[in-house]
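Peer 1: Attaching a single structure in structure tokens format; questions to follow.
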Amino acid sequence: MKRSLSILTALLVSLPAFAVNFDDWFEDATLRLDYIFSGNAKSQEISFLEAYRTEVWAGRRTNLEKPLLEGNGQIKICDAASGKVLYTNSFSTLFQEWQNTEEATTVNKGFENCFQVPWPRKPVTVSITLRDKYRRVCATLTHPIDPSDILIRPLKAKNSFRQLMGGGNYDQRIDIAIIGDGYALGDLRKFYSDAGRAVSAMMKHEPFKSNANRFNFVAVASVSQDTGVSIPHDKVWKDTNMSSHYDTFYTDRYLTTSNMRTLYFELAGVPFEHVIVLVNTGKYGGGGIFNSVTLASSDHPTFEVVLVHEFGHAFGGLADEYFYDDEYSDTYPARVEPWEPNITTLTDFGSKWKDMLPAGTKIPTLPDSVGKDNDIRKIWDTLTPEQKALLNSKVGVYEGGGYRSKGVYRPVQECRMKINECELFCPVCSRALQRMIDYYTGRVISGGSRSVPDSR
């Protein structure tokens, strides 16, 4: 009897204080909320722009109250009458990346941001919270939304879409929209072919491959005026729907778009929760921002591996594991544990992959002899399958990651999140991605510890 009571007590303790039943609080429709995030390296402001309604909600219907990862910001929906938290999602933004640039020390800028939440049945309060690189709250905005507001504009579908994989069931699967930028009317056949290649690339990689039945992919036909994309350092400017361009923050290979409102208008009426923008160019580049957008150049030889790497950022919240010996980055300050699951400063290593370390693993972990070569990318193709497996699967705590050679640590010597040449995600990244898949599809999230601070 005592044992039964202790088990029951443990189960009760593990249950959330208030589990949200989707149908009690939300309709099968989407509330889109547009904001401007503005400021500089030292100060930030959030301004609300407008609200829209589209039919069908393609986001998650379980695990509604709390995000799996903290992100660099959160949007929270609370019942206006009771204050109960009904829905929370986390995100990162291009604006927050820009705040770490030199330009942000000399000028104020504003960035568009769009968020989709389920359509509430009753009036709600919306809160947006931004955090700085120290994980401190640096900006907040709270405002009401009444679903009966006559000024919430309904949006109809602008572009047609084609189902590439999956069969709908938007309430049960992870819904990904692939849209093109720089595809003119005569390029649409190529776009659909490129979109198909993108899905194939994703499904070659674990854990996506073994979870294929939990994904939907659709291709959205968006026609640009010009073929190709803007490359400022080559003085090439194109008229494309999303105005994607290289040289983001003056980094020539960083391919992004800041026209988030245009992107979301192009996707109006499409059932999606994650977006991949295929950019019609053969130049190397890409970008991935957590719960925001993935971009990749469709014609470069590394298209498939870059796409998967960037999707690791945008979907899984994974950090870059590469670093530079000749550059210093303070993106991840000392004595602050990053929220990303695949890097650590050892400030709170217990919340990361400590449970995956083999017994007796030294911290930090010394690299194997073949892994000491700083030009591992150049010799990767000469390594045996056994050597590659050792570098990719031997979990430890290896110094160097998050753009810093010292003070930031990664879980393996080589991973898809470190070099393009490595064919696989490491065990730590794979577990993080599997957890995210489980989180979106209502499965039990197993293994390890996780901690998401309240966004208030």
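Ligands are numbered from 1 in the order shown, residues from 1 within each chain, and chains are lettered A, B, ... in the order they appear in the structure tokens.
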Skip range 257-270 of chain A itself and residues of its chain fewer than 5 positions away, then list as JSON, numbers by chain all residues within 8 Å of it, counting only C-alpha atoms.

Peer 2: {"A": [34, 54, 55, 56, 94, 111, 112, 113, 114, 155, 156, 157, 158, 159, 161, 177, 220, 222, 241, 242, 243, 244, 245]}

Peer 1: Please return, as a ChimeraX atom specification, all residues of range 146-384 of chain A that DSSP assigns to strand (DSSP E or B) on the basis of the backbone.

Peer 2: /A:153-154,161-165,174-181,215-220,230-231,236,245,254,256,274-279,286-289,293-297,323-324,344

Peer 1: Which one is closest to Tyr403 in chain A: A:Ile376, A:Tyr322, A:Leu383, A:Ser351? Count only C-alpha atoms.

Peer 2: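 Ranked by minimum distance to Tyr403 in chain A, first place goes to A:Tyr322.
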
Peer 1: Taking only C-alpha atoms into account, name the residue in A:Ala432, A:Met202, A:Val229, A:Ala139 that is nearest to Tyr183 in chain A.

Peer 2: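 Using only C-alpha atoms, Tyr183 in chain A sits closest to A:Val229.
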
Peer 1: Compare A:Cys429, A:Leu68, A:Val236, A:Ile46 by their minimum atom-to-atom distance to Thr142 in chain A, counting only C-alpha atoms, and give me the closest one.

Peer 2: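 Among A:Cys429, A:Leu68, A:Val236, A:Ile46, it is A:Ile46 that comes nearest to Thr142 in chain A.
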
Peer 1: I need the residue nearest Arg416 in chain A from this list: A:Glu65, A:Phe315, A:Asn280, A:Glu206. Use only C-alpha atoms for the distance.

Peer 2: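 Looking at the shortest contact to Arg416 in chain A, the residue is A:Glu206.
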
Peer 1: When distances are computed from only C-alpha atoms, which of A:Pro147, A:Pro118, A:Gly71, A:Pro358 shows the smallest separation from Pro411 in chain A?

Peer 2: A:Pro358

Peer 1: What's the 12 Å shell around Glu423 in chain A, counting only C-alpha atoms, without same-chain residues fewer than 2 positions away, as an MDAnalysis selection string?

Peer 2: chainID A and resid 201 204:206 302 304:306 308:309 377 380:381 385 388:389 391:393 414:421 425:426

Peer 1: Do you know which residues are at most 12 Å from Phe95 in chain A counting only C-alpha atoms, after dropping those on the same chain fewer than 5 positions away, and could you put them as a VMD selection string?

Peer 2: chain A and resid 35 to 41 43 to 46 72 to 73 100 to 101 103 to 104 108 to 113 130 to 132 248 to 249 256 to 260 289 292

Peer 1: Expressed in Å to a single decimal, how great is the separation between CA of Leu424 in chain A and CA of Gly287 in chain A?

Peer 2: 18.9 Å

Peer 1: At what distance in Å, to one decimal, does CA of Thr331 in chain A lie from CA of Pro427 in chain A?

Peer 2: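 Rounded to one decimal, the two atoms are 24.3 Å apart.
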
Peer 1: Can you pull out the residues contacting Thr240 in chain A? Cut-off 6 Å, using only C-alpha atoms, and skip same-chain residues under 2 positions away; I want them as a list in words.

Peer 2: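 With the cut-off at 6 Å, the set is Gly182, Ser224, Gln225, Asp226, Lys238, Met242 and Ser243 of chain A.
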